[in-house]
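Below is one structure; the comments refer to it alone.
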Number of protein chains: 4
Amino acid sequence: MPRVKTEQKRREILDAAAEVFARRGYHATNVSHIADHMSMGLGTFYRYFESKLDVFHAVIEEVMGEVTMVIAHESATSSQTLYEYSAQVERIGRMLFAAFQKNRALARLLFVEAPGISAELNEKLRETTRFFGVATEAYLENGVKRGFLRPDLDREVTALMINAIIFEGVRQLSDPNTDEALLERWIRAITRLMFEGVAARSDLTRTK
Amino acid sequence: MPRVKTEQKRREILDAAAEVFARRGYHATNVSHIADHMSMGLGTFYRYFESKLDVFHAVIEEVMGEVTMVIAHESATSSQTLYEYSAQVERIGRMLFAAFQKNRALARLLFVEAPGISAELNEKLRETTRFFGVATEAYLENGVKRGFLRPDLDREVTALMINAIIFEGVRQLSDPNTDEALLERWIRAITRLMFEGVAARSDLTRTK
Amino acid sequence: MPRVKTEQKRREILDAAAEVFARRGYHATNVSHIADHMSMGLGTFYRYFESKLDVFHAVIEEVMGEVTMVIAHESATSSQTLYEYSAQVERIGRMLFAAFQKNRALARLLFVEAPGISAELNEKLRETTRFFGVATEAYLENGVKRGFLRPDLDREVTALMINAIIFEGVRQLSDPNTDEALLERWIRAITRLMFEGVAARSDLTRTK
Amino acid sequence: MPRVKTEQKRREILDAAAEVFARRGYHATNVSHIADHMSMGLGTFYRYFESKLDVFHAVIEEVMGEVTMVIAHESATSSQTLYEYSAQVERIGRMLFAAFQKNRALARLLFVEAPGISAELNEKLRETTRFFGVATEAYLENGVKRGFLRPDLDREVTALMINAIIFEGVRQLSDPNTDEALLERWIRAITRLMFEGVAARSDLTRTK
DNA sequence: GATGAATGAGTTTTCATTCAT
DNA sequence: TATGAATGAAAACTCATTCAT
């Protein structure tokens, strides 16, 4: 079989596996479920993947790669004003939502299933999370340096918080019952929270 | 055996199960591990719990109950000013952290293991999250009504965001490698983000 | 279960396994065959042995132990005359035959199946064979020293030859179709060959 | 494809199979190993042999044939004196050693692997052994008839013993660690044992 | 009530063989 | 004729659950 065809079949199995894993969860998925889903013999699976764990690793890596791509394509230092930064946050948020929109259940796979499967996978997830944290931190760092973010901002912790918000949004929007309007509400609410907080304008000074 | 003794033994098994589940994860835990951990016969387990899933449900419910207790004891309408609300947020955060501090691995059990085990458990987790969302929403509602929070605040989404931040904090602090100082940083960063946002004061008007 | 009962059950499974292995061969034997043969559940087997290979090792070791015992109980230096040595060879032969008589197919297991299964088992067999070789060599050594065996005897090679003859006898007599008389013929033929050779008395000098 | 080419390809596969079987053993050898070893498609194998067992039968038969050839070319009745017979034994021994020298691992295949594979193969091996026994018996018969061997010799059992010695020699010399000198020691030790026994000359009469 | 030996359904994985190209 | 992708039967092994003592 030519290299390209083999690669394509592997890809097909990968996609099928992602779908079945996402629907049933890792432990409830049998290799035979994946094979059945493709109307393919059980043995065929093992021509393309070493084991059930192997294909799960591949699926998770794929998802991580796509997600990582989203921020890898943005520059942490390009924003020169709060306004530009706000637009950038919105852009990143939209792209992450889009990344998971393709298959909403993948978020569950990544955040919920993966860490429980193997230490190796858990470590990879932590790494990706760390990567996200560092990236977001770089954005905040840039904002502080340029003067449009608070100089006393706890960049490290705040970065984790922002990421948590974004990923929670992804998780919420992964729910098949949510409508498109919710996305806009999330986008708007994130930027409002980040740049204005929750307080009424007139109350701002009183918290000190 | 008197009712009280039975209840106590059940309690002991529950605690042992929580510990073993937390350490090894649901699937890697055998019922015999739990029995061994208590130096108890395997069959005895089944006199107190229907099945492995049964005891896991009980463990998760226990954890959920403790966590729910934290906000159940607070009143959503008690805060009359932004200052009081800020203090309340801090108090809730500290109590949640404390709840998981007892056994840090329980957070993993609740957030990581539980959703992958059974649809029922997943639903329970969603319910709890929903409960948290509604609760936080009530706080925001109160703030808007009393005028110390923005009237145009998207209460539903913002509530989810706040909860996401808090739970991410819990998750981070569940890491056995984190020190106590981090807790204070989280507490401070949450309140600052909520009530001030990330922007420098002078830039605030330019985002509009 | 008391230690002694556990030990007894292990023993029963060992015996059953030996029989099934001997009849069907290692590869053609499934663990379920062994379990069926004992009218026992498949899982029970795994309470007493780690794996199919594990029980096979145990079986082979058992057989080797019994066989080794036979010569371990004889002294290589006790024979003072050719006559005594001849009697000793006969005694050892009879005991080896008897050892395998109990379960004739065990010889096949030991000599035929075992070496093909695992390197470890093969090494153990070689060790046992080496042990036999060294033992027989010691007998020959003693005979030469005492002067009742040829001084120019190649003790090492001759020891291997004698053992080969003995084990071939065992193998032949392991055939369920052989009768008891054959044992006597083997015993007699071995001692005659060893102590007289095949040549007619009158021809002896002409071979030089 | 012309008959001759087909025959040649079959031969090539046979040789490749012999090598792989000898190296890995029957059960550890996959048909794909054989095909890979020839850089040949897996399916091609099945155009020349019915099955894995089929080719193994063919390999074993080949080896048996070669070995059988060795004695087939000798005449049981040609020796007229003990001296000639002794020379003949030596010649047969050398030729057998040589036959296995070509590929030492083949001995293992024949004596160790084959009997455990199938009843049919085991029977073939017994037949060959029986053939050897009968052949050797014929030599002894001739010796007795001509008067240079003991008239009371147990020809049947002694024939088996002689063969056992010879095959043990082959087995020993199949070990890749043995040197050439050992062959000479075996040859000499066999003829000395057969024609003189192990006893010192002066002790011979006392055994009676 | 306590125990732990027994059980067998369920899963992963291998590989000889087939057959469409 | 040659190929190698596809196949699925078969086998080892695990472990939640039962039940006789």
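Convention: chains lettered A, B, ... in structure tokens order; per-chain residue numbering from 1; ligands numbered from 1 as shown.
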
Exercise. Write out as a PyMOL selection string each polymer residue whose atoms come within 10 Å of Ser79 of chain D, counting only C-alpha atoms (C1' of nucleotides); drop sequence neighbours fewer than 5 positions from it.
Key: chain D and resi 84-88+139+142-143+146+148

For the residues in that selection, give me N, CA and C atoms as a short mmCIF file (atom, residue, chain, number, x, y, z; two decimals), in the first residue's frame.
```cif
data_model
loop_
_atom_site.label_atom_id
_atom_site.label_comp_id
_atom_site.auth_asym_id
_atom_site.auth_seq_id
_atom_site.Cartn_x
_atom_site.Cartn_y
_atom_site.Cartn_z
N GLU D 84 36.94 -53.91 10.58
CA GLU D 84 36.19 -53.23 9.53
C GLU D 84 34.91 -52.58 10.08
N TYR D 85 34.28 -53.30 11.01
CA TYR D 85 33.06 -52.77 11.59
C TYR D 85 33.36 -51.49 12.37
N SER D 86 34.43 -51.54 13.13
CA SER D 86 34.82 -50.36 13.90
C SER D 86 35.05 -49.16 12.98
N ALA D 87 35.71 -49.41 11.88
CA ALA D 87 35.97 -48.34 10.92
C ALA D 87 34.65 -47.81 10.35
N GLN D 88 33.73 -48.74 10.13
CA GLN D 88 32.43 -48.34 9.57
C GLN D 88 31.65 -47.47 10.56
N TYR D 139 23.53 -54.18 11.41
CA TYR D 139 24.99 -54.22 11.53
C TYR D 139 25.40 -55.19 12.62
N ASN D 142 24.81 -58.76 11.61
CA ASN D 142 25.89 -59.19 10.73
C ASN D 142 27.13 -59.56 11.53
N GLY D 143 27.46 -58.73 12.53
CA GLY D 143 28.64 -58.99 13.35
C GLY D 143 28.53 -60.29 14.11
N ARG D 146 28.80 -63.17 11.66
CA ARG D 146 30.18 -63.37 11.21
C ARG D 146 31.09 -63.77 12.38
N PHE D 148 32.27 -61.84 14.91
CA PHE D 148 33.15 -60.90 15.59
C PHE D 148 32.42 -60.09 16.67
#
```

Quiz item: Which residues, written as an MDAnalysis selection string, have at least one atom at most 10 Å from segment 3-20 of chain F, with only C-alpha atoms (C1' of nucleotides) counted and residues fewer than 4 positions away on the same chain left out?
Solution: (chainID A and resid 1 6 40:45 47) or (chainID B and resid 30:32 43 46 50:52) or (chainID C and resid 30:32 42:43 46 50:52) or (chainID D and resid 40:44) or (chainID E and resid 5:7 10:14 17:21)

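With only C-alpha atoms (C1' of nucleotides) taken into account, the protein and nucleic acid residues at most 7 Å from Leu96 of chain C (excluding it and anything under 4 positions from it in its own chain) are Val67, Val70, Ile92 and Phe100 of chain C.
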
Quiz item: Quick one, how far is atom CA of Arg94 of chain C from atom CA of Phe111 of chain C?
Solution: 18.7 Å

Quiz prompt | Distance filter 9 Å, only C-alpha atoms, chain B against chain A, as a ChimeraX atom specification | solution = /B:25-27,81-84,86,108,111-113,115-117,140,143-144,147-151,153-154,157-158,160-169,182,185-186,188-190,192-204,206-208

Export, as a compact mmCIF listing (two decimals), in the first residue's frame, the selected residues with C-alpha atoms.
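This went into part15.txt:
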```txt
# COMPACT_ATOMS: atom_id res chain seq x y z
CA GLY B 25 -7.81 6.31 40.44
CA TYR B 26 -11.12 4.52 39.96
CA HIS B 27 -10.19 1.96 37.33
CA THR B 81 -21.79 46.90 49.69
CA LEU B 82 -19.06 46.02 47.21
CA TYR B 83 -16.68 45.85 50.14
CA GLU B 84 -18.79 43.30 51.97
CA SER B 86 -15.45 41.25 48.20
CA ARG B 108 -8.73 15.09 41.32
CA PHE B 111 -13.07 16.83 38.78
CA VAL B 112 -11.01 14.28 36.90
CA GLU B 113 -12.16 10.79 37.73
CA PRO B 115 -17.10 12.46 35.10
CA GLY B 116 -15.57 9.54 33.21
CA ILE B 117 -17.10 6.80 35.35
CA LEU B 140 -24.19 38.80 41.45
CA GLY B 143 -25.01 43.05 43.85
CA VAL B 144 -26.71 44.42 40.80
CA GLY B 147 -26.31 48.80 42.90
CA PHE B 148 -22.72 47.90 43.74
CA LEU B 149 -22.28 45.73 40.63
CA ARG B 150 -22.60 46.77 37.00
CA PRO B 151 -26.29 46.74 35.94
CA LEU B 153 -23.40 42.43 34.00
CA ASP B 154 -24.03 39.08 32.26
CA VAL B 157 -21.89 33.67 32.27
CA THR B 158 -19.90 35.73 34.72
CA LEU B 160 -19.57 30.45 35.57
CA MET B 161 -16.38 32.36 34.98
CA ILE B 162 -15.93 33.17 38.65
CA ASN B 163 -16.53 29.56 39.58
CA ALA B 164 -14.06 28.43 36.95
CA ILE B 165 -11.43 30.68 38.49
CA ILE B 166 -12.12 29.43 41.97
CA PHE B 167 -12.01 25.78 40.96
CA GLU B 168 -8.85 26.29 38.95
CA GLY B 169 -7.37 27.77 42.10
CA LEU B 182 0.28 30.77 46.68
CA ARG B 185 -1.75 35.23 45.85
CA TRP B 186 -4.80 33.49 44.45
CA ARG B 188 -5.73 38.56 46.18
CA ALA B 189 -5.61 38.04 42.40
CA ILE B 190 -9.23 36.88 42.27
CA ARG B 192 -8.41 42.28 42.17
CA LEU B 193 -9.49 40.80 38.86
CA MET B 194 -13.15 40.79 39.84
CA PHE B 195 -13.30 44.26 41.22
CA GLU B 196 -10.73 46.09 39.19
CA GLY B 197 -9.88 44.07 36.11
CA VAL B 198 -6.41 43.94 34.66
CA ALA B 199 -6.23 47.34 33.01
CA ALA B 200 -4.18 50.26 34.21
CA ARG B 201 -6.45 52.96 35.64
CA SER B 202 -5.51 55.51 33.01
CA ASP B 203 -6.37 53.18 30.16
CA LEU B 204 -9.82 52.28 31.33
CA ARG B 206 -9.96 53.96 26.03
CA THR B 207 -11.36 50.41 25.74
CA LYS B 208 -14.87 51.67 25.05
```

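Picture a line from atom CA of Ile60 of chain A to atom CA of Leu14 of chain A; it runs 10.1 Å.
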
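Counting from atom CA of Ala35 of chain A, the distance to atom CA of Ala16 of chain A is 8.5 Å.
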
Quiz item: What's the 12 Å shell around Ala72 of chain B, counting only C-alpha atoms (C1' of nucleotides), without same-chain residues fewer than 2 positions away, as a ChimeraX atom specification?
Solution: /B:64-70,74-76,92,95-96,128,131-132,134-136

Quiz item: Got a sec to tell me which of chain A DSSP assigns to helix (DSSP H, G or I), as an MDAnalysis selection string?
Solution: chainID A and resid 3:24 31:37 42:48 52:72 82:101 105:117 119:146 155:174 180:196 201:207
